[in-house]
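Containing compact mmCIF, C-alpha atoms: data.txt.
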# COMPACT_ATOMS: atom_id res chain seq x y z
CA MET A 334 0.00 0.00 0.00
CA ASP A 335 1.10 3.55 -0.70
CA THR A 336 1.79 5.79 2.30
CA LYS A 337 3.25 9.25 2.81
CA ASN A 338 6.58 7.61 3.64
CA SER A 339 6.79 5.02 0.87
CA LEU A 340 5.17 3.84 -2.32
CA SER A 341 4.33 0.21 -3.00
CA TRP A 342 6.42 -1.86 -5.39
CA LEU A 343 3.40 -2.04 -7.73
CA THR A 344 3.07 1.75 -7.86
CA LEU A 345 6.78 2.09 -8.61
CA VAL A 346 6.90 -0.66 -11.26
CA LEU A 347 3.79 0.58 -13.06
CA HIS A 348 5.01 4.18 -13.00
CA TRP A 349 8.46 3.43 -14.41
CA VAL A 350 7.42 0.76 -16.94
CA ILE A 351 4.69 3.01 -18.34
CA ALA A 352 6.88 6.13 -18.21
CA PHE A 353 9.83 4.67 -20.09
CA THR A 354 7.64 2.79 -22.56
CA ILE A 355 5.49 5.84 -23.34
CA ILE A 356 8.57 8.04 -23.79
CA GLY A 357 10.07 5.40 -26.09
CA LEU A 358 6.83 5.08 -28.09
CA ILE A 359 6.56 8.85 -28.45
CA GLY A 360 10.16 9.02 -29.69
CA LEU A 361 9.57 6.14 -32.09
CA GLY A 362 6.28 7.67 -33.26
CA LEU A 363 7.96 11.01 -33.99
CA CYS A 364 10.78 9.27 -35.89
CA MET A 365 8.32 7.10 -37.86
CA THR A 366 6.19 10.02 -38.98
CA ASN A 367 8.98 12.54 -39.61
CA PHE A 368 11.30 10.13 -41.45
CA GLU A 369 8.67 7.83 -43.00
CA LEU A 370 10.06 4.75 -41.23
CA TYR A 371 7.12 2.48 -42.08
CA ASP A 372 8.93 -0.70 -41.01
CA TYR A 373 8.55 0.31 -37.35
CA TYR A 374 4.76 0.77 -37.33
CA ASP A 375 4.03 -2.85 -36.37
CA THR A 376 6.52 -2.66 -33.48
CA HIS A 377 5.05 0.66 -32.33
CA LYS A 378 1.50 -0.71 -32.44
CA SER A 379 2.44 -4.03 -30.78
CA ILE A 380 4.20 -2.39 -27.85
CA GLY A 381 1.34 0.11 -27.49
CA ILE A 382 -1.24 -2.66 -27.33
CA ILE A 383 0.79 -4.63 -24.77
CA LEU A 384 1.15 -1.45 -22.72
CA VAL A 385 -2.65 -1.17 -22.50
CA SER A 386 -2.72 -3.92 -19.87
CA PHE A 387 -0.19 -2.06 -17.69
CA ILE A 388 -2.11 1.20 -18.15
CA ALA A 389 -5.41 -0.45 -17.18
CA LEU A 390 -3.80 -1.97 -14.08
CA ARG A 391 -2.32 1.41 -13.17
CA VAL A 392 -5.69 3.14 -13.48
CA VAL A 393 -7.37 0.51 -11.28
CA TRP A 394 -4.49 0.70 -8.79
CA ARG A 395 -4.63 4.51 -8.71
CA ILE A 396 -8.41 4.40 -8.10
CA LYS A 397 -7.86 1.94 -5.25
CA GLN A 398 -4.85 3.76 -3.74
CA GLY A 399 -5.75 7.37 -4.50
CA TRP A 400 -3.07 9.88 -5.40
CA PRO A 401 0.21 9.77 -3.47
CA VAL A 402 0.16 12.06 -0.46
CA PRO A 403 2.41 15.13 -0.86
CA ILE A 404 5.50 15.03 1.31
CA SER A 405 5.05 18.62 2.45
CA ASN A 406 2.62 21.53 2.19
CA TYR A 407 3.00 23.37 -1.08
CA ASP A 408 1.48 26.46 -2.65
CA LYS A 409 -2.17 25.91 -3.71
CA ARG A 410 -1.44 26.92 -7.32
CA GLU A 411 1.41 24.46 -7.48
CA MET A 412 -0.80 21.70 -6.07
CA LEU A 413 -3.49 22.50 -8.66
CA LEU A 414 -0.96 22.40 -11.50
CA SER A 415 0.36 19.11 -10.15
CA LYS A 416 -3.13 17.60 -10.12
CA ILE A 417 -3.84 18.84 -13.65
CA VAL A 418 -0.57 17.39 -14.96
CA HIS A 419 -1.19 14.04 -13.22
CA TRP A 420 -4.71 13.85 -14.65
CA ILE A 421 -3.41 14.66 -18.14
CA LEU A 422 -0.79 11.94 -17.77
CA ILE A 423 -3.33 9.32 -16.67
CA VAL A 424 -6.05 10.22 -19.18
CA SER A 425 -3.71 10.65 -22.14
CA THR A 426 -1.93 7.35 -21.47
CA VAL A 427 -5.36 5.70 -21.62
CA LEU A 428 -6.45 7.56 -24.75
CA MET A 429 -3.20 7.26 -26.73
CA PRO A 430 -3.50 3.53 -27.46
CA ILE A 431 -7.25 3.83 -28.05
CA THR A 432 -6.83 6.61 -30.61
CA GLY A 433 -3.92 4.73 -32.16
CA MET A 434 -6.09 1.64 -32.63
CA ILE A 435 -8.92 3.76 -34.06
CA PHE A 436 -6.47 5.40 -36.46
CA SER A 437 -4.86 2.17 -37.59
CA GLY A 438 -8.08 0.17 -37.76
CA ALA A 439 -10.22 2.77 -39.50
CA THR A 440 -7.57 3.48 -42.12
CA GLY A 441 -7.58 -0.21 -43.03
CA HIS A 442 -4.11 -1.00 -41.69
CA GLY A 443 -5.30 -3.18 -38.84
CA PHE A 444 -3.33 -3.84 -35.69
CA GLY A 445 -2.07 -6.69 -33.58
CA ILE A 446 0.75 -7.89 -31.39
CA PHE A 447 3.93 -8.91 -33.20
CA GLY A 448 2.22 -10.66 -36.11
CA PHE A 449 -0.89 -11.85 -34.25
CA ALA A 450 -3.70 -9.83 -35.84
CA ILE A 451 -6.37 -8.41 -33.58
CA LEU A 452 -7.90 -6.47 -36.48
CA HIS A 453 -6.72 -7.61 -39.90
CA GLU A 454 -5.66 -5.24 -42.64
CA ASN A 455 -8.37 -4.40 -45.15
CA ILE A 456 -6.43 -5.28 -48.30
CA ASN A 457 -7.64 -4.21 -51.73
CA PRO A 458 -8.39 -7.49 -53.59
CA SER A 459 -7.18 -6.05 -56.90
CA ASN A 460 -3.96 -4.57 -55.46
CA SER A 461 -2.40 -6.40 -52.50
CA GLU A 462 -0.09 -3.42 -51.82
CA GLU A 463 -3.05 -1.16 -51.00
CA THR A 464 -5.33 -1.01 -47.99
CA ILE A 465 -8.92 0.18 -48.12
CA PRO A 466 -10.02 2.48 -45.28
CA LEU A 467 -12.97 1.28 -43.23
CA SER A 468 -13.98 4.84 -42.36
CA GLN A 469 -12.49 8.10 -43.61
CA PHE A 470 -14.03 10.00 -40.69
CA TRP A 471 -12.79 7.66 -37.94
CA GLY A 472 -9.41 7.30 -39.60
CA TYR A 473 -8.96 11.07 -39.63
CA PHE A 474 -10.35 11.40 -36.09
CA GLY A 475 -7.96 8.71 -34.83
CA GLU A 476 -4.97 10.25 -36.61
CA ILE A 477 -5.56 13.81 -35.37
CA SER A 478 -6.46 12.68 -31.84
CA HIS A 479 -3.41 10.43 -31.60
CA GLU A 480 -1.11 13.18 -32.87
CA TYR A 481 -2.40 15.99 -30.65
CA LEU A 482 -2.67 13.76 -27.59
CA GLY A 483 0.97 12.89 -28.22
CA TYR A 484 1.95 16.57 -28.12
CA LEU A 485 -0.14 17.12 -24.98
CA LEU A 486 1.52 14.09 -23.41
CA ILE A 487 4.99 15.44 -24.26
CA LEU A 488 4.11 18.73 -22.54
CA ALA A 489 2.75 16.91 -19.47
CA ILE A 490 5.86 14.69 -19.28
CA VAL A 491 8.15 17.73 -19.46
CA LEU A 492 6.16 19.48 -16.72
CA HIS A 493 6.15 16.30 -14.62
CA ILE A 494 9.93 15.90 -14.90
CA ALA A 495 10.43 19.61 -14.19
CA GLY A 496 8.27 19.26 -11.08
CA ALA A 497 10.24 16.25 -9.88
CA LEU A 498 13.50 18.11 -10.39
CA LYS A 499 12.11 21.18 -8.61
CA HIS A 500 11.24 19.01 -5.60
CA HIS A 501 14.70 17.49 -5.59
CA LEU A 502 16.91 20.47 -6.45
CA ILE A 503 15.02 23.51 -5.12
CA TYR A 504 12.79 22.23 -2.30
CA LYS A 505 15.33 19.54 -1.43
CA ASP A 506 12.51 17.28 -0.26
CA LEU A 507 12.27 13.52 -0.69
CA THR A 508 9.51 13.37 -3.34
CA LEU A 509 11.80 12.13 -6.12
CA LEU A 510 13.61 9.69 -3.84
CA ARG A 511 10.27 8.24 -2.73
CA MET A 512 9.41 7.72 -6.42
CA LEU A 513 12.71 5.90 -6.81
CA GLY A 514 11.71 3.50 -4.03
CA LYS A 515 13.36 5.04 -0.98
CA LYS A 516 11.42 4.81 2.25
CA ILE A 517 11.41 8.21 3.94
Rewrite the structure from the file as structure tokens, please.
Amino acid sequence: MDTKNSLSWLTLVLHWVIAFTIIGLIGLGLCMTNFELYDYYDTHKSIGIILVSFIALRVVWRIKQGWPVPISNYDKREMLLSKIVHWILIVSTVLMPITGMIFSGATGHGFGIFGFAILHENINPSNSEETIPLSQFWGYFGEISHEYLGYLLILAIVLHIAGALKHHLIYKDLTLLRMLGKKI
């Protein structure tokens, strides 16, 4: 169980696995789209789908545990910003894989986990190199949502890291050390 003095091993594992995986997927996603690295799309989608189970567990765990108790009393505006950033992180990590699956599925590309198809590609029977979109609207919605949620997530991650560093370097409190597993 999470307390003011320590966080459970499950909280720590879920936080760090999701954090590093999301950051890696964002980096890979930016590289894929900016440099047209189409060979990595299946890997990106597979890891994203696997991550869904960790994200779901984290949401259930966070509902059960509540938010971690602050180590000290902080300014009300800072506490509000912290809550907003944490909510953006939780909600966007849930929505990123959902919008990615909508995007990939609706555009006819399908998705799965390392070759195991969950939703098969919608291949054009007269041209096996071409996919047929299932829905132009949902494909566009998924693409735009996935892209802009990604940018929002990048901003929230930067603010989250900045907050952690502020706690450690300016306030010199134990917030970051507690997140690294130290009992305080």
Nearest to Met365 of chain A, chosen from A:Ala352, A:Pro401, A:Leu414, A:Lys378, with all atoms listed in the file counted in the distances | A:Lys378
A:Ile380, A:Asn406, A:Leu347, A:Asn460 ranked by distance to Val392 of chain A, top pick (using only C-alpha atoms) = A:Leu347
Write out as a tab-separated table a residue-level contact list of segment 336-441 of chain A versus segment 462-465 of chain A with cut-off 10 Å: for each qualifying residue the closest pair of atoms and the distance in Å to one decimal, counting all atoms listed in the file, rows sorted by chain and residue number upward.
residue	atom	partner	partner_atom	distance
A:Ala439	CA	A:Ile465	CA	9.1
A:Thr440	CA	A:Ile465	CA	7.0
A:Gly441	CA	A:Ile465	CA	5.3
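Shortest separation to Ile494 of chain A among A:Leu467, A:Leu452, A:Ile517, A:Leu509 occurs at residue A:Leu509, atoms counted being all atoms listed in the file.
Between Leu428 of chain A and the candidates A:Gly496, A:Gly483, A:Pro466, A:Gly362, the tightest atom-to-atom separation, counting all atoms listed in the file, involves A:Gly483.
Taking only C-alpha atoms, the non-local environment of Ser341 of chain A within 12 Å (same-chain residues fewer than 4 positions away omitted) comprises A:Met334, A:Asp335, A:Thr336, A:Lys337, A:Leu345, A:Val346, A:Leu347, A:His348, A:Trp394, A:Arg395, A:Gln398, A:Pro401, A:Arg511, A:Met512, A:Leu513, A:Gly514, A:Lys515, A:Lys516.
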Select all residues near (2.2, -0.7, -27.6) (cut-off 10 Å, inclusive, file coordinates), counting only C-alpha atoms, and output them as a list in words.
-> Thr354, Ile355, Leu358, Asp375, Thr376, His377, Lys378, Ser379, Ile380, Gly381, Ile382, Ile383, Leu384, Val385, Ser386, Met429, Pro430, Gly433, Met434, Gly445 and Ile446 of chain A
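Going from atom CA of Phe387 of chain A to atom CA of Trp349 of chain A covers 10.8 Å.
Picture a line from atom CA of Gly360 of chain A to atom CA of Leu482 of chain A; it runs 13.8 Å.
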Could you work out an axis-aligned bounding box for all listed atoms of segment 508-514 of chain A, with 5 Å added on each of the six sides, and give its centre and edge lengths in Å to one decimal, as AutoDock Vina command-line options?
--center_x 11.5 --center_y 8.4 --center_z -4.8 --size_x 14.2 --size_y 19.9 --size_z 14.1
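Residues in contact with Glu476 of chain A at up to 7 Å, not including ones fewer than 4 positions away on its chain and judged by all atoms listed in the file, are A:Phe436, A:Gly472, A:Glu480.
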Residue among A:Ile404, A:His442, A:His479, A:His453 lying closest to His501 of chain A, counting only C-alpha atoms | A:Ile404
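Atom to atom, atom CA of Ser437 of chain A and atom CA of Phe474 of chain A stand 10.8 Å apart.
If only C-alpha atoms are the atoms counted, then among A:Ser339, A:Asn457, A:Ser415, A:Thr426 the closest residue to Leu486 of chain A is A:Thr426.
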Residue neighbourhood Leu422 of chain A, 9 Å, all atoms listed in the file, exclusion window fewer than 6 positions, as a PyMOL selection string = chain A and resi 485-486+489-490+493
Write out as a PyMOL selection string each polymer residue whose atoms come within 10 Å of Leu498 of chain A, counting only C-alpha atoms; drop sequence neighbours fewer than 6 positions from it.
-> chain A and resi 492+504-505+508-509
Would you output that residue set with C-alpha atoms, as an mmCIF file, in the coordinates of the input?
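Contents of the output file again.cif:
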data_model
loop_
_atom_site.group_PDB
_atom_site.id
_atom_site.type_symbol
_atom_site.label_atom_id
_atom_site.label_comp_id
_atom_site.auth_asym_id
_atom_site.auth_seq_id
_atom_site.Cartn_x
_atom_site.Cartn_y
_atom_site.Cartn_z
ATOM 1 C CA LEU A 492 6.160 19.480 -16.720
ATOM 2 C CA TYR A 504 12.790 22.230 -2.300
ATOM 3 C CA LYS A 505 15.330 19.540 -1.430
ATOM 4 C CA THR A 508 9.510 13.370 -3.340
ATOM 5 C CA LEU A 509 11.800 12.130 -6.120
#
